[in-house]
>>> print(open('structure_13.txt').read())   # compact mmCIF, N, CA and C atoms
# COMPACT_ATOMS: atom_id res chain seq x y z
N ASN M 1 64.76 -29.81 -23.76
CA ASN M 1 66.02 -30.00 -24.46
C ASN M 1 67.10 -30.43 -23.47
N ASN M 2 67.04 -29.86 -22.28
CA ASN M 2 68.01 -30.21 -21.26
C ASN M 2 67.84 -31.66 -20.81
N LYS M 3 66.57 -32.18 -20.72
CA LYS M 3 66.29 -33.55 -20.33
C LYS M 3 66.87 -34.52 -21.35
N GLN M 4 66.75 -34.20 -22.63
CA GLN M 4 67.27 -35.07 -23.69
C GLN M 4 68.80 -35.15 -23.58
N HIS M 5 69.47 -34.05 -23.30
CA HIS M 5 70.92 -34.05 -23.17
C HIS M 5 71.36 -34.91 -21.98
N ILE M 6 70.62 -34.87 -20.87
CA ILE M 6 70.97 -35.66 -19.68
C ILE M 6 70.79 -37.15 -19.96
N SER M 7 69.69 -37.52 -20.59
CA SER M 7 69.44 -38.94 -20.85
C SER M 7 70.47 -39.50 -21.84
N THR M 8 70.88 -38.72 -22.85
CA THR M 8 71.89 -39.17 -23.80
C THR M 8 73.23 -39.34 -23.11
N THR M 9 73.56 -38.40 -22.26
CA THR M 9 74.83 -38.48 -21.54
C THR M 9 74.84 -39.70 -20.62
N THR M 10 73.75 -39.93 -19.94
CA THR M 10 73.66 -41.09 -19.04
C THR M 10 73.79 -42.38 -19.84
N HIS M 11 73.16 -42.45 -21.00
CA HIS M 11 73.22 -43.64 -21.84
C HIS M 11 74.66 -43.89 -22.32
N LYS M 12 75.35 -42.80 -22.72
CA LYS M 12 76.73 -42.95 -23.19
C LYS M 12 77.65 -43.37 -22.06
N THR M 13 77.46 -42.80 -20.88
CA THR M 13 78.35 -43.15 -19.77
C THR M 13 78.10 -44.58 -19.31
N SER M 14 76.86 -45.07 -19.41
CA SER M 14 76.61 -46.45 -19.01
C SER M 14 77.28 -47.42 -19.98
N LYS M 15 77.36 -47.04 -21.28
CA LYS M 15 78.07 -47.88 -22.25
C LYS M 15 79.57 -47.87 -21.98
N MET M 16 80.07 -46.67 -21.65
CA MET M 16 81.50 -46.56 -21.44
C MET M 16 81.92 -47.15 -20.09
N ALA M 17 81.00 -47.23 -19.13
CA ALA M 17 81.33 -47.81 -17.83
C ALA M 17 81.50 -49.32 -17.93
N ASN M 18 80.87 -49.91 -18.91
CA ASN M 18 81.00 -51.35 -19.11
C ASN M 18 82.27 -51.61 -19.92
N PRO M 19 83.28 -52.24 -19.36
CA PRO M 19 84.53 -52.44 -20.10
C PRO M 19 84.40 -53.43 -21.25
N PHE M 20 83.30 -54.17 -21.30
CA PHE M 20 83.13 -55.17 -22.35
C PHE M 20 82.18 -54.72 -23.46
N HIS M 21 81.64 -53.52 -23.33
CA HIS M 21 80.70 -53.03 -24.33
C HIS M 21 81.41 -52.81 -25.66
N PRO M 22 80.82 -53.22 -26.81
CA PRO M 22 81.49 -53.11 -28.10
C PRO M 22 81.77 -51.68 -28.55
N LEU M 23 81.00 -50.68 -28.06
CA LEU M 23 81.23 -49.30 -28.45
C LEU M 23 82.34 -48.65 -27.64
N ASN M 24 82.80 -49.31 -26.60
CA ASN M 24 83.89 -48.78 -25.79
C ASN M 24 85.19 -48.97 -26.57
N ASN M 25 85.94 -47.88 -26.77
CA ASN M 25 87.19 -47.97 -27.55
C ASN M 25 88.25 -48.78 -26.84
N ASN M 26 88.21 -48.79 -25.52
CA ASN M 26 89.18 -49.56 -24.75
C ASN M 26 88.58 -50.90 -24.30
N ALA M 27 87.68 -51.44 -25.10
CA ALA M 27 86.96 -52.65 -24.70
C ALA M 27 87.92 -53.82 -24.54
N GLN M 28 87.72 -54.54 -23.45
CA GLN M 28 88.50 -55.75 -23.21
C GLN M 28 87.76 -56.93 -23.82
N GLU M 29 88.45 -58.04 -23.92
CA GLU M 29 87.78 -59.26 -24.39
C GLU M 29 86.89 -59.76 -23.26
N PRO M 30 85.65 -60.11 -23.57
CA PRO M 30 84.74 -60.54 -22.50
C PRO M 30 85.24 -61.84 -21.85
N PRO M 31 84.87 -62.05 -20.61
CA PRO M 31 85.30 -63.29 -19.94
C PRO M 31 84.68 -64.50 -20.63
N ARG M 32 85.36 -65.63 -20.46
CA ARG M 32 84.86 -66.85 -21.09
C ARG M 32 83.55 -67.27 -20.46
N SER M 33 82.70 -67.87 -21.27
CA SER M 33 81.46 -68.41 -20.73
C SER M 33 81.77 -69.78 -20.11
N ILE M 34 80.81 -70.30 -19.39
CA ILE M 34 81.01 -71.61 -18.76
C ILE M 34 81.15 -72.70 -19.83
N ASP M 35 80.47 -72.52 -20.97
CA ASP M 35 80.59 -73.49 -22.05
C ASP M 35 82.00 -73.51 -22.63
N ASP M 36 82.57 -72.31 -22.83
CA ASP M 36 83.94 -72.25 -23.34
C ASP M 36 84.92 -72.89 -22.36
N TYR M 37 84.72 -72.62 -21.08
CA TYR M 37 85.61 -73.19 -20.07
C TYR M 37 85.53 -74.72 -20.05
N LEU M 38 84.32 -75.26 -20.07
CA LEU M 38 84.15 -76.72 -20.03
C LEU M 38 84.69 -77.36 -21.31
N GLU M 39 84.51 -76.71 -22.44
CA GLU M 39 85.03 -77.24 -23.69
C GLU M 39 86.55 -77.29 -23.67
N SER M 40 87.19 -76.23 -23.18
CA SER M 40 88.66 -76.24 -23.14
C SER M 40 89.17 -77.25 -22.12
N ALA M 41 88.46 -77.42 -21.01
CA ALA M 41 88.87 -78.42 -20.02
C ALA M 41 88.72 -79.83 -20.59
N TYR M 42 87.65 -80.08 -21.35
CA TYR M 42 87.46 -81.40 -21.96
C TYR M 42 88.56 -81.68 -22.98
N ARG M 43 88.87 -80.68 -23.82
CA ARG M 43 89.93 -80.89 -24.80
C ARG M 43 91.27 -81.13 -24.12
N HIS M 44 91.55 -80.39 -23.06
CA HIS M 44 92.81 -80.55 -22.35
C HIS M 44 92.90 -81.93 -21.70
N SER M 45 91.82 -82.39 -21.08
CA SER M 45 91.86 -83.70 -20.40
C SER M 45 91.94 -84.84 -21.40
N SER M 46 91.29 -84.70 -22.55
CA SER M 46 91.34 -85.79 -23.53
C SER M 46 92.72 -85.88 -24.18
N THR M 47 93.41 -84.75 -24.37
CA THR M 47 94.76 -84.83 -24.94
C THR M 47 95.74 -85.39 -23.92
N ILE M 48 95.55 -85.08 -22.64
CA ILE M 48 96.42 -85.66 -21.61
C ILE M 48 96.22 -87.16 -21.55
N ARG M 49 94.97 -87.61 -21.56
CA ARG M 49 94.71 -89.05 -21.51
C ARG M 49 95.29 -89.76 -22.72
N HIS M 50 95.17 -89.11 -23.86
CA HIS M 50 95.68 -89.74 -25.08
C HIS M 50 97.20 -89.88 -25.01
N ARG M 51 97.86 -88.85 -24.48
CA ARG M 51 99.32 -88.89 -24.41
C ARG M 51 99.80 -89.85 -23.33
N GLN M 52 99.19 -89.82 -22.17
CA GLN M 52 99.70 -90.61 -21.06
C GLN M 52 99.18 -92.04 -21.06
N GLY M 53 98.05 -92.25 -21.62
CA GLY M 53 97.49 -93.59 -21.65
C GLY M 53 96.58 -93.85 -20.47
N LEU M 54 95.82 -94.91 -20.60
CA LEU M 54 94.83 -95.26 -19.58
C LEU M 54 95.50 -95.75 -18.31
N LEU M 55 96.60 -96.45 -18.42
CA LEU M 55 97.27 -96.98 -17.24
C LEU M 55 97.74 -95.87 -16.30
N LEU M 56 98.31 -94.81 -16.84
CA LEU M 56 98.74 -93.70 -16.00
C LEU M 56 97.55 -92.96 -15.40
N ASP M 57 96.44 -92.92 -16.13
CA ASP M 57 95.23 -92.31 -15.59
C ASP M 57 94.74 -93.10 -14.38
N ILE M 58 94.79 -94.41 -14.46
CA ILE M 58 94.39 -95.25 -13.33
C ILE M 58 95.34 -95.05 -12.16
N VAL M 59 96.62 -94.96 -12.43
CA VAL M 59 97.60 -94.77 -11.37
C VAL M 59 97.38 -93.45 -10.65
N HIS M 60 97.06 -92.40 -11.39
CA HIS M 60 96.88 -91.08 -10.78
C HIS M 60 95.55 -90.97 -10.03
N HIS M 61 94.55 -91.71 -10.44
CA HIS M 61 93.22 -91.61 -9.84
C HIS M 61 92.80 -92.91 -9.18
N TRP M 62 93.71 -93.66 -8.60
CA TRP M 62 93.41 -94.98 -8.05
C TRP M 62 92.43 -94.89 -6.88
N ARG M 63 92.42 -93.81 -6.14
CA ARG M 63 91.50 -93.70 -5.00
C ARG M 63 90.04 -93.73 -5.46
N TYR M 64 89.77 -93.08 -6.57
CA TYR M 64 88.40 -93.06 -7.07
C TYR M 64 87.96 -94.44 -7.55
N TYR M 65 88.87 -95.16 -8.16
CA TYR M 65 88.53 -96.51 -8.62
C TYR M 65 88.31 -97.45 -7.45
N ILE M 66 89.04 -97.27 -6.36
CA ILE M 66 88.83 -98.07 -5.16
C ILE M 66 87.47 -97.77 -4.55
N ILE M 67 87.09 -96.50 -4.55
CA ILE M 67 85.78 -96.11 -4.01
C ILE M 67 84.67 -96.74 -4.85
N PHE M 68 84.80 -96.66 -6.18
CA PHE M 68 83.77 -97.26 -7.03
C PHE M 68 83.72 -98.77 -6.87
N LEU M 69 84.86 -99.41 -6.68
CA LEU M 69 84.89 -100.86 -6.45
C LEU M 69 84.19 -101.20 -5.14
N ALA M 70 84.47 -100.44 -4.08
CA ALA M 70 83.84 -100.68 -2.79
C ALA M 70 82.32 -100.47 -2.87
N LEU M 71 81.88 -99.44 -3.58
CA LEU M 71 80.45 -99.21 -3.74
C LEU M 71 79.78 -100.33 -4.53
N GLY M 72 80.47 -100.83 -5.54
CA GLY M 72 79.92 -101.94 -6.32
C GLY M 72 79.80 -103.22 -5.50
N ILE M 73 80.81 -103.50 -4.68
CA ILE M 73 80.75 -104.68 -3.81
C ILE M 73 79.64 -104.54 -2.78
N ALA M 74 79.49 -103.35 -2.21
CA ALA M 74 78.42 -103.11 -1.23
C ALA M 74 77.05 -103.25 -1.87
N ASN M 75 76.90 -102.76 -3.09
CA ASN M 75 75.62 -102.85 -3.79
C ASN M 75 75.28 -104.31 -4.10
N SER M 76 76.26 -105.07 -4.57
CA SER M 76 75.98 -106.47 -4.88
C SER M 76 75.72 -107.27 -3.62
N GLY M 77 76.41 -106.95 -2.52
CA GLY M 77 76.15 -107.62 -1.26
C GLY M 77 74.76 -107.33 -0.74
N ASP M 78 74.32 -106.09 -0.88
CA ASP M 78 72.98 -105.72 -0.44
C ASP M 78 71.91 -106.44 -1.25
N SER M 79 72.09 -106.50 -2.55
CA SER M 79 71.09 -107.20 -3.37
C SER M 79 71.10 -108.70 -3.09
N ALA M 80 72.25 -109.28 -2.78
CA ALA M 80 72.31 -110.69 -2.42
C ALA M 80 71.60 -110.94 -1.09
N GLU M 81 71.75 -110.01 -0.16
CA GLU M 81 71.08 -110.15 1.13
C GLU M 81 69.56 -110.09 0.99
N ILE M 82 69.08 -109.19 0.16
CA ILE M 82 67.63 -109.11 -0.07
C ILE M 82 67.14 -110.36 -0.77
N GLY M 83 67.92 -110.87 -1.73
CA GLY M 83 67.53 -112.12 -2.40
C GLY M 83 67.49 -113.29 -1.45
N CYS M 84 68.46 -113.37 -0.53
CA CYS M 84 68.45 -114.45 0.45
C CYS M 84 67.26 -114.34 1.40
N THR M 85 66.92 -113.12 1.79
CA THR M 85 65.77 -112.93 2.66
C THR M 85 64.50 -113.40 1.97
N ASN M 86 64.34 -113.07 0.70
CA ASN M 86 63.16 -113.53 -0.04
C ASN M 86 63.15 -115.05 -0.19
N TYR M 87 64.31 -115.64 -0.40
CA TYR M 87 64.41 -117.09 -0.54
C TYR M 87 64.05 -117.76 0.78
N ILE M 88 64.54 -117.22 1.89
CA ILE M 88 64.25 -117.82 3.20
C ILE M 88 62.78 -117.68 3.54
N LEU M 89 62.19 -116.52 3.25
CA LEU M 89 60.77 -116.32 3.55
C LEU M 89 59.87 -117.25 2.74
N SER M 90 60.31 -117.66 1.57
CA SER M 90 59.48 -118.55 0.75
C SER M 90 59.71 -120.03 1.07
N SER M 91 60.67 -120.34 1.94
CA SER M 91 60.95 -121.72 2.30
C SER M 91 59.82 -122.28 3.17
N VAL M 92 59.37 -123.49 2.87
CA VAL M 92 58.28 -124.12 3.61
C VAL M 92 58.70 -124.43 5.04
N ASN M 93 59.92 -124.88 5.22
CA ASN M 93 60.41 -125.17 6.58
C ASN M 93 60.46 -123.90 7.43
N PHE M 94 60.94 -122.80 6.87
CA PHE M 94 61.00 -121.54 7.60
C PHE M 94 59.59 -121.06 7.94
N GLN M 95 58.68 -121.20 7.00
CA GLN M 95 57.30 -120.78 7.25
C GLN M 95 56.69 -121.61 8.38
N HIS M 96 56.98 -122.91 8.39
CA HIS M 96 56.42 -123.78 9.42
C HIS M 96 57.05 -123.51 10.79
N ASP M 97 58.37 -123.29 10.82
CA ASP M 97 59.06 -123.12 12.10
C ASP M 97 58.93 -121.71 12.68
N ILE M 98 58.99 -120.70 11.86
CA ILE M 98 59.05 -119.32 12.35
C ILE M 98 57.76 -118.54 12.13
N LEU M 99 57.19 -118.65 10.96
CA LEU M 99 56.05 -117.80 10.60
C LEU M 99 54.69 -118.39 10.94
N LEU M 100 54.66 -119.62 11.41
CA LEU M 100 53.39 -120.28 11.68
C LEU M 100 52.73 -119.68 12.91
N LYS M 101 51.50 -119.28 12.75
CA LYS M 101 50.76 -118.67 13.85
C LYS M 101 49.61 -119.61 14.21
N GLU M 102 49.61 -120.02 15.44
CA GLU M 102 48.55 -120.93 15.88
C GLU M 102 47.37 -120.09 16.33
N GLY M 103 46.23 -120.44 15.85
CA GLY M 103 45.03 -119.68 16.19
C GLY M 103 43.83 -120.58 16.23
N GLU M 104 42.66 -119.97 16.44
CA GLU M 104 41.45 -120.76 16.52
C GLU M 104 41.02 -121.28 15.16
N ASP M 105 41.41 -120.59 14.08
CA ASP M 105 41.05 -121.04 12.73
C ASP M 105 41.98 -122.15 12.26
N GLY M 106 42.93 -122.50 13.05
CA GLY M 106 43.92 -123.48 12.62
C GLY M 106 45.26 -122.79 12.47
N ASP M 107 46.18 -123.53 11.93
CA ASP M 107 47.52 -122.99 11.76
C ASP M 107 47.61 -122.25 10.43
N GLU M 108 48.07 -121.03 10.48
CA GLU M 108 48.27 -120.25 9.25
C GLU M 108 49.59 -119.49 9.33
N VAL M 109 50.15 -119.21 8.19
CA VAL M 109 51.42 -118.51 8.09
C VAL M 109 51.15 -117.00 8.20
N ASP M 110 51.89 -116.36 9.09
CA ASP M 110 51.68 -114.93 9.35
C ASP M 110 52.70 -114.11 8.56
N PHE M 111 52.44 -113.91 7.26
CA PHE M 111 53.33 -113.08 6.44
C PHE M 111 53.17 -111.60 6.78
N ALA M 112 51.95 -111.20 7.12
CA ALA M 112 51.69 -109.78 7.36
C ALA M 112 52.38 -109.29 8.63
N GLY M 113 52.48 -110.09 9.63
CA GLY M 113 53.10 -109.66 10.88
C GLY M 113 54.55 -110.07 10.99
N ARG M 114 54.77 -111.36 11.10
CA ARG M 114 56.13 -111.86 11.32
C ARG M 114 57.01 -111.74 10.07
N GLY M 115 56.46 -112.05 8.92
CA GLY M 115 57.23 -111.96 7.68
C GLY M 115 57.64 -110.53 7.36
N ALA M 116 56.70 -109.60 7.58
CA ALA M 116 57.01 -108.19 7.33
C ALA M 116 58.02 -107.66 8.33
N ALA M 117 57.98 -108.16 9.57
CA ALA M 117 58.95 -107.72 10.58
C ALA M 117 60.35 -108.20 10.21
N ILE M 118 60.46 -109.42 9.70
CA ILE M 118 61.77 -109.94 9.31
C ILE M 118 62.30 -109.18 8.10
N ALA M 119 61.45 -108.95 7.10
CA ALA M 119 61.88 -108.21 5.91
C ALA M 119 62.17 -106.74 6.26
N GLY M 120 61.39 -106.16 7.17
CA GLY M 120 61.59 -104.77 7.55
C GLY M 120 62.82 -104.56 8.41
N ALA M 121 63.27 -105.61 9.12
CA ALA M 121 64.47 -105.49 9.94
C ALA M 121 65.69 -105.18 9.07
N HIS M 122 65.70 -105.69 7.86
CA HIS M 122 66.80 -105.41 6.93
C HIS M 122 66.87 -103.92 6.61
N PHE M 123 65.74 -103.33 6.30
CA PHE M 123 65.72 -101.92 5.94
C PHE M 123 65.90 -101.02 7.16
N ALA M 124 65.44 -101.45 8.33
CA ALA M 124 65.69 -100.68 9.56
C ALA M 124 67.18 -100.66 9.86
N GLY M 125 67.87 -101.78 9.65
CA GLY M 125 69.32 -101.82 9.84
C GLY M 125 70.03 -100.90 8.86
N MET M 126 69.55 -100.84 7.62
CA MET M 126 70.15 -99.93 6.64
C MET M 126 69.95 -98.48 7.06
N LEU M 127 68.78 -98.16 7.59
CA LEU M 127 68.49 -96.80 8.02
C LEU M 127 69.40 -96.39 9.18
N ILE M 128 69.49 -97.25 10.18
CA ILE M 128 70.31 -96.92 11.35
C ILE M 128 71.78 -96.82 10.98
N SER M 129 72.28 -97.78 10.21
CA SER M 129 73.70 -97.73 9.84
C SER M 129 73.99 -96.55 8.92
N GLY M 130 73.05 -96.18 8.07
CA GLY M 130 73.25 -95.01 7.21
C GLY M 130 73.32 -93.72 8.00
N LEU M 131 72.46 -93.59 9.00
CA LEU M 131 72.49 -92.40 9.84
C LEU M 131 73.77 -92.33 10.67
N LEU M 132 74.16 -93.48 11.23
CA LEU M 132 75.39 -93.49 12.04
C LEU M 132 76.62 -93.20 11.19
N SER M 133 76.69 -93.81 10.01
CA SER M 133 77.88 -93.57 9.18
C SER M 133 77.90 -92.14 8.66
N GLY M 134 76.75 -91.53 8.46
CA GLY M 134 76.72 -90.13 8.04
C GLY M 134 77.21 -89.20 9.13
N VAL M 135 76.80 -89.47 10.37
CA VAL M 135 77.26 -88.66 11.50
C VAL M 135 78.76 -88.83 11.70
N LEU M 136 79.24 -90.08 11.63
CA LEU M 136 80.67 -90.31 11.80
C LEU M 136 81.48 -89.67 10.68
N ALA M 137 80.94 -89.68 9.48
CA ALA M 137 81.64 -89.04 8.36
C ALA M 137 81.72 -87.53 8.57
N ASP M 138 80.68 -86.94 9.13
CA ASP M 138 80.72 -85.50 9.41
C ASP M 138 81.69 -85.17 10.54
N ILE M 139 81.80 -86.07 11.52
CA ILE M 139 82.71 -85.82 12.63
C ILE M 139 84.16 -85.95 12.18
N TRP M 140 84.49 -87.03 11.48
CA TRP M 140 85.86 -87.29 11.07
C TRP M 140 86.23 -86.63 9.76
N GLY M 141 85.25 -86.18 9.01
CA GLY M 141 85.54 -85.56 7.72
C GLY M 141 85.44 -86.57 6.60
N ARG M 142 85.16 -86.03 5.42
CA ARG M 142 84.98 -86.93 4.28
C ARG M 142 86.24 -87.00 3.49
>>> encode(input="structure_13.txt", output="structure tokens")
Amino acid sequence: NNKQHISTTTHKTSKMANPFHPLNNNAQEPPRSIDDYLESAYRHSSTIRHRQGLLLDIVHHWRYYIIFLALGIANSGDSAEIGCTNYILSSVNFQHDILLKEGEDGDEVDFAGRGAAIAGAHFAGMLISGLLSGVLADIWGR
């Protein structure tokens, strides 16, 4: 009988120790969930945008738009560079002047060796510049 009294008391005190428990008479309102917080932030931001307009939003966040513009230009430049490399590698004059390997079987184009080295130099440059810019960004701050 004494064990039952102890377990009931412990159960009641654990309910009362929780300030958000519904059986607690002094229960507080539970904290907002992450979904409630994100929903209220979305509603708040959409009403601000509606009131101020898109132009003021651009004025206040111009740094982010400049970053996205710079990333877009870099991406298009990179794809143009890869396209030019493919165009140059497929040129007959380039193949004859640079990729031609003289051997005992006659003259043949060395795509596996020289062509791959030229195409791989582009990606090696991207790797080195990416590592260097990452280190410099960590030193100077982002």
>>> atom_distance(input="structure_13.txt", atom1="atom CA of M:Ser133", atom2="atom CA of M:Leu69")
18.6 Å
>>> atom_distance(input="structure_13.txt", atom1="atom C of M:Ile118", atom2="atom N of M:Gly134")
22.8 Å
>>> atom_distance(input="structure_13.txt", atom1="atom N of M:Leu71", atom2="atom N of M:Gly125")
19.4 Å
>>> axis_aligned_box(input="structure_13.txt", around="stretch 93-100 of chain M", padding_each_side="4 Å", output="AutoDock Vina command-line options")
--center_x 56.9 --center_y -121.5 --center_z 9.1 --size_x 16.3 --size_y 15.4 --size_z 15.7
